[in-house]
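Participant: Below is the file structure-v3.cif, with mmCIF, C-alpha atoms.
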```
data_coords
#
loop_
_atom_site.label_atom_id
_atom_site.label_comp_id
_atom_site.auth_asym_id
_atom_site.auth_seq_id
_atom_site.Cartn_x
_atom_site.Cartn_y
_atom_site.Cartn_z
CA MET Q 1 10.24 11.65 14.59
CA ASN Q 2 12.60 14.58 14.86
CA ASN Q 3 12.64 17.95 16.58
CA GLU Q 4 11.91 19.71 13.28
CA THR Q 5 8.44 18.16 13.02
CA GLN Q 6 7.69 19.05 16.62
CA SER Q 7 8.64 22.73 16.43
CA PRO Q 8 5.91 25.20 15.44
CA ILE Q 9 6.09 26.64 11.93
CA GLU Q 10 4.29 29.37 10.06
CA ILE Q 11 4.55 29.60 6.28
CA THR Q 12 3.06 32.60 4.47
CA ALA Q 13 3.82 31.45 0.93
CA PRO Q 14 1.87 29.22 -1.47
CA VAL Q 15 2.07 25.58 -0.36
CA THR Q 16 0.08 22.41 -0.87
CA LEU Q 17 -1.15 20.44 2.12
CA CYS Q 18 -1.60 16.69 1.66
CA PHE Q 19 -3.98 15.04 4.14
CA GLY Q 20 -4.49 11.27 4.31
CA GLY Q 21 -8.06 10.05 4.52
CA PRO Q 22 -10.05 6.82 4.34
CA PHE Q 23 -9.52 6.36 0.57
CA GLY Q 24 -6.31 8.18 -0.20
CA TYR Q 25 -4.85 11.64 0.07
CA THR Q 26 -6.52 15.01 -0.47
CA LEU Q 27 -4.51 17.98 -1.71
CA VAL Q 28 -5.38 21.47 -0.46
CA ARG Q 29 -3.69 24.51 -1.99
CA VAL Q 30 -3.19 27.20 0.64
CA LYS Q 31 -1.84 30.74 0.95
CA SER Q 32 -0.55 30.23 4.48
CA VAL Q 33 -0.26 27.49 7.09
CA LYS Q 34 0.67 27.22 10.75
CA THR Q 35 1.42 23.94 12.54
CA GLU Q 36 2.11 23.28 16.20
CA MET Q 37 2.05 20.45 18.71
CA VAL Q 38 -0.74 20.89 21.27
CA GLY Q 39 -2.51 18.89 23.96
CA TYR Q 40 -5.79 17.49 22.65
CA ALA Q 41 -8.27 15.04 24.25
CA GLN Q 42 -6.26 12.19 25.77
CA TYR Q 43 -3.13 13.14 23.80
CA SER Q 44 -0.43 15.21 25.46
CA LYS Q 45 0.78 16.11 21.97
CA ALA Q 46 -1.23 16.29 18.77
CA LEU Q 47 -0.62 18.08 15.49
CA ARG Q 48 -2.75 21.20 15.05
CA VAL Q 49 -2.89 22.64 11.53
CA GLU Q 50 -4.40 26.04 10.75
CA TYR Q 51 -4.52 27.23 7.15
CA LEU Q 52 -6.02 29.68 4.68
CA GLU Q 53 -7.06 28.04 1.41
CA LYS Q 54 -6.31 29.68 -1.91
CA GLY Q 55 -9.27 31.87 -2.91
CA LYS Q 56 -10.85 31.83 0.59
CA ARG Q 57 -11.07 34.42 3.36
CA LEU Q 58 -11.78 32.25 6.42
CA ARG Q 59 -9.08 30.15 8.02
CA LYS Q 60 -9.66 26.46 8.73
CA ALA Q 61 -8.08 24.24 11.34
CA GLN Q 62 -7.86 20.59 12.20
CA VAL Q 63 -6.10 18.42 14.73
CA GLN Q 64 -4.44 15.14 13.77
CA THR Q 65 -3.92 12.84 16.72
CA TYR Q 66 -2.94 9.22 16.19
CA LYS Q 67 -0.50 8.81 13.26
CA PRO Q 68 -0.70 12.21 11.54
CA THR Q 69 -0.64 12.14 7.73
CA LEU Q 70 0.13 15.76 6.86
CA VAL Q 71 2.78 16.53 4.24
CA ILE Q 72 3.52 20.13 3.23
CA ILE Q 73 4.81 20.66 -0.32
CA GLU Q 74 6.30 23.89 -1.65
CA GLY Q 75 4.07 25.74 -4.12
CA HIS Q 76 0.62 24.93 -5.48
CA VAL Q 77 1.16 21.51 -7.05
CA ASP Q 78 -0.83 18.60 -8.40
CA LEU Q 79 0.16 14.98 -7.76
CA LYS Q 80 -0.90 12.23 -10.14
CA LEU Q 81 -2.61 9.88 -7.68
CA PRO Q 82 -4.38 6.72 -8.88
CA ASP Q 83 -8.17 6.71 -8.74
CA PRO Q 84 -9.30 4.86 -5.58
CA PHE Q 85 -12.24 3.38 -7.52
CA GLU Q 86 -12.33 0.71 -10.20
CA THR Q 87 -15.13 -0.41 -12.49
CA THR Q 88 -16.62 -3.83 -11.81
CA ALA Q 89 -17.67 -6.35 -14.46
CA SER Q 90 -21.30 -5.31 -13.96
CA GLY Q 91 -20.47 -1.66 -14.65
CA GLY Q 92 -20.54 -0.49 -11.04
CA GLU Q 93 -17.69 0.91 -9.01
CA ARG Q 94 -15.82 -0.34 -5.98
CA THR Q 95 -12.75 0.82 -4.12
CA ARG Q 96 -9.44 -0.85 -4.81
CA GLY Q 97 -8.74 -1.12 -1.10
CA SER Q 98 -10.57 -0.88 2.19
CA SER Q 99 -10.94 2.20 4.33
CA PHE Q 100 -7.54 3.37 5.63
CA ASP Q 101 -5.81 0.54 3.73
CA PRO Q 102 -1.99 0.92 3.72
CA ILE Q 103 -2.12 0.98 -0.10
CA TRP Q 104 -3.30 4.60 -0.02
CA GLY Q 105 -0.20 5.74 1.85
CA GLU Q 106 2.08 3.64 -0.36
CA GLU Q 107 0.59 5.11 -3.54
CA PHE Q 108 0.92 8.63 -2.16
CA ALA Q 109 4.57 8.04 -1.21
CA LYS Q 110 5.37 6.74 -4.71
CA ALA Q 111 3.62 9.67 -6.39
CA LEU Q 112 5.37 12.18 -4.14
CA THR Q 113 8.80 10.67 -4.81
CA ALA Q 114 8.17 10.50 -8.57
CA SER Q 115 6.96 14.11 -8.69
CA GLY Q 116 10.22 15.64 -7.48
CA HIS Q 117 8.34 18.36 -5.60
CA LYS Q 118 10.09 19.90 -2.60
CA VAL Q 119 8.69 18.65 0.72
CA LEU Q 120 8.86 21.35 3.39
CA ARG Q 121 7.51 19.22 6.27
CA ASP Q 122 6.49 15.57 6.53
CA TYR Q 123 4.53 14.58 9.62
CA ARG Q 124 3.88 10.96 8.56
CA GLY Q 125 5.30 8.62 11.17
CA LEU Q 126 5.04 11.15 13.99
CA ASN Q 127 3.85 9.06 16.91
CA THR Q 128 1.49 11.18 18.99
CA GLY Q 129 0.21 8.16 20.94
CA GLU Q 130 3.41 7.73 22.97
CA ASN Q 131 2.61 10.35 25.56
CA CYS Q 132 -1.06 9.93 26.37
CA ARG Q 133 -2.21 11.81 29.43
#
```
As structure tokens, what does this structure read like?
Facilitator:
Amino acid sequence: MNNETQSPIEITAPVTLCFGGPFGYTLVRVKSVKTEMVGYAQYSKALRVEYLEKGKRLRKAQVQTYKPTLVIIEGHVDLKLPDPFETTASGGERTRGSSFDPIWGEEFAKALTASGHKVLRDYRGLNTGENCR
């Protein structure tokens, strides 16, 4: 964790937000984004993200508390992420890993490195649980 990830930022240029979820990362192309550290629930510091998606008029916001996953990439990009599902012998589908399995973060990190895209901010590893109220 460094001071750069804790200082508020506002970007009014096209960027891609990458949010980690239960079965991998979701990419959201936005026109503008603002991040800041705020108090939230039992956390004295949590990452608040407010953004305006490409093609939308209403801003959205979310707060990431324990182990934020947000990565901000310059421009509207597409990462080649593996499909979280695989076909079973019976023709059905199942996930390749469990919910919030570390494999999702590892695959994202590999894809991000291989892409060569410029990372503007990386909040992975920011420990917001240190300073609980």
Participant: Report the residues retrieved by the PyMOL selection byres ((chain Q and resi 66) around 6) from the displayed file, expressed as a list in words.
Facilitator: Thr65, Lys67, Pro68, Thr128 and Gly129 of chain Q
Participant: Can you list what the PyMOL selection byres ((chain Q and resi 79) around 8) grabs from this structure, as an mmCIF file with C-alpha atoms, in the frame of the given file?
Facilitator:
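For reference, selection27.cif as written:
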```cif
data_model
loop_
_atom_site.group_PDB
_atom_site.id
_atom_site.type_symbol
_atom_site.label_atom_id
_atom_site.label_comp_id
_atom_site.auth_asym_id
_atom_site.auth_seq_id
_atom_site.Cartn_x
_atom_site.Cartn_y
_atom_site.Cartn_z
ATOM 1 C CA VAL Q 77 1.160 21.510 -7.050
ATOM 2 C CA ASP Q 78 -0.830 18.600 -8.400
ATOM 3 C CA LYS Q 80 -0.900 12.230 -10.140
ATOM 4 C CA LEU Q 81 -2.610 9.880 -7.680
ATOM 5 C CA ALA Q 111 3.620 9.670 -6.390
ATOM 6 C CA LEU Q 112 5.370 12.180 -4.140
ATOM 7 C CA SER Q 115 6.960 14.110 -8.690
#
```
Participant: In Å, rounded to a single decimal, give me how far atom CA of Ser7 of chain Q is from atom CA of Gly21 of chain Q.
Facilitator: 24.1 Å
Participant: Just so the selection is clear, what residues does the PyMOL selection byres ((chain Q and resi 123) around 7) cover here, as an mmCIF file with C-alpha atoms, in the frame of the given file?
Facilitator:
```
data_model
loop_
_atom_site.group_PDB
_atom_site.id
_atom_site.type_symbol
_atom_site.label_atom_id
_atom_site.label_comp_id
_atom_site.auth_asym_id
_atom_site.auth_seq_id
_atom_site.Cartn_x
_atom_site.Cartn_y
_atom_site.Cartn_z
ATOM 1 C CA THR Q 5 8.440 18.160 13.020
ATOM 2 C CA PRO Q 68 -0.700 12.210 11.540
ATOM 3 C CA THR Q 69 -0.640 12.140 7.730
ATOM 4 C CA LEU Q 70 0.130 15.760 6.860
ATOM 5 C CA VAL Q 71 2.780 16.530 4.240
ATOM 6 C CA ARG Q 121 7.510 19.220 6.270
ATOM 7 C CA ASP Q 122 6.490 15.570 6.530
ATOM 8 C CA ARG Q 124 3.880 10.960 8.560
ATOM 9 C CA GLY Q 125 5.300 8.620 11.170
ATOM 10 C CA LEU Q 126 5.040 11.150 13.990
#
```
Participant: Leaving out Val38 of chain Q and any residue of its chain fewer than 5 positions from it, which residues lie within 10 Å of it when counting all atoms listed in the file, given as a list in words?
Facilitator: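 What passes the distance filter is Gln6, Pro8, Tyr43, Ser44, Lys45, Ala46, Leu47, Arg48, Val63 and Thr65 of chain Q.
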Participant: Find the residues near Gly55 of chain Q: any atom within 12 Å, counting all atoms listed in the file, skip ones fewer than 3 places away on the same chain, and give them as a ChimeraX atom specification.
Facilitator: /Q:14,28-32,52,58-59
Participant: Can you pull out every residue within 8 Å of Ala61 of chain Q, counting all atoms listed in the file, but drop anything in the same chain fewer than 5 positions away, and send it as a ChimeraX atom specification?
Facilitator: /Q:48-51
Participant: Save out the residues we just selected, C-alpha atoms, as an mmCIF file, in the frame of the given file.
Facilitator:
```
data_model
loop_
_atom_site.group_PDB
_atom_site.id
_atom_site.type_symbol
_atom_site.label_atom_id
_atom_site.label_comp_id
_atom_site.auth_asym_id
_atom_site.auth_seq_id
_atom_site.Cartn_x
_atom_site.Cartn_y
_atom_site.Cartn_z
ATOM 1 C CA ARG Q 48 -2.750 21.200 15.050
ATOM 2 C CA VAL Q 49 -2.890 22.640 11.530
ATOM 3 C CA GLU Q 50 -4.400 26.040 10.750
ATOM 4 C CA TYR Q 51 -4.520 27.230 7.150
#
```
Participant: Quick one: distance from atom CA of Glu10 of chain Q to atom CA of Thr113 of chain Q in Å, one decimal?
Facilitator: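 About the pair atom CA of Glu10 of chain Q and atom CA of Thr113 of chain Q: they are 24.3 Å apart.
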Participant: Using only C-alpha atoms, find the one residue out of Q:Gly24, Q:Glu86, Q:Arg96, Q:Thr16 that sits nearest to Glu53 of chain Q.
Facilitator: Q:Thr16
Participant: How many Å lie between atom CA of Lys60 of chain Q and atom CA of Ile11 of chain Q, rounded to one decimal?
Facilitator: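 That distance, rounded to one decimal, is 14.8 Å.
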Participant: Nearest to Thr12 of chain Q among Q:Gly105, Q:Gly39, Q:Gly75, Q:Gly91, with distances taken over all atoms listed in the file: which residue is it?
Facilitator: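 Checking each candidate against Thr12 of chain Q, we get Q:Gly75 as the closest.
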Participant: Which residue is closest to Ala41 of chain Q? Choose from Q:Thr87, Q:Thr26, Q:Asn127, Q:Gln64 and count all atoms listed in the file.
Facilitator: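 Among the listed residues, the smallest separation from Ala41 of chain Q belongs to Q:Gln64.
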Participant: Given 4 Å on each side, where is the centre and what are the edge lengths in Å to one decimal of the axis-aligned box enclosing the listed atoms of segment 94-99 of chain Q, as AutoDock Vina command-line options?
Facilitator:
```
--center_x -12.3 --center_y 0.5 --center_z -0.8 --size_x 15.1 --size_y 11.3 --size_z 18.3
```
Participant: Nearest to Trp104 of chain Q: which of Q:Asp83, Q:Thr35, Q:Ala89, Q:Gln62 is it, counting all atoms listed in the file?
Facilitator: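 Counting all atoms listed in the file, the residue closest to Trp104 of chain Q is Q:Asp83.
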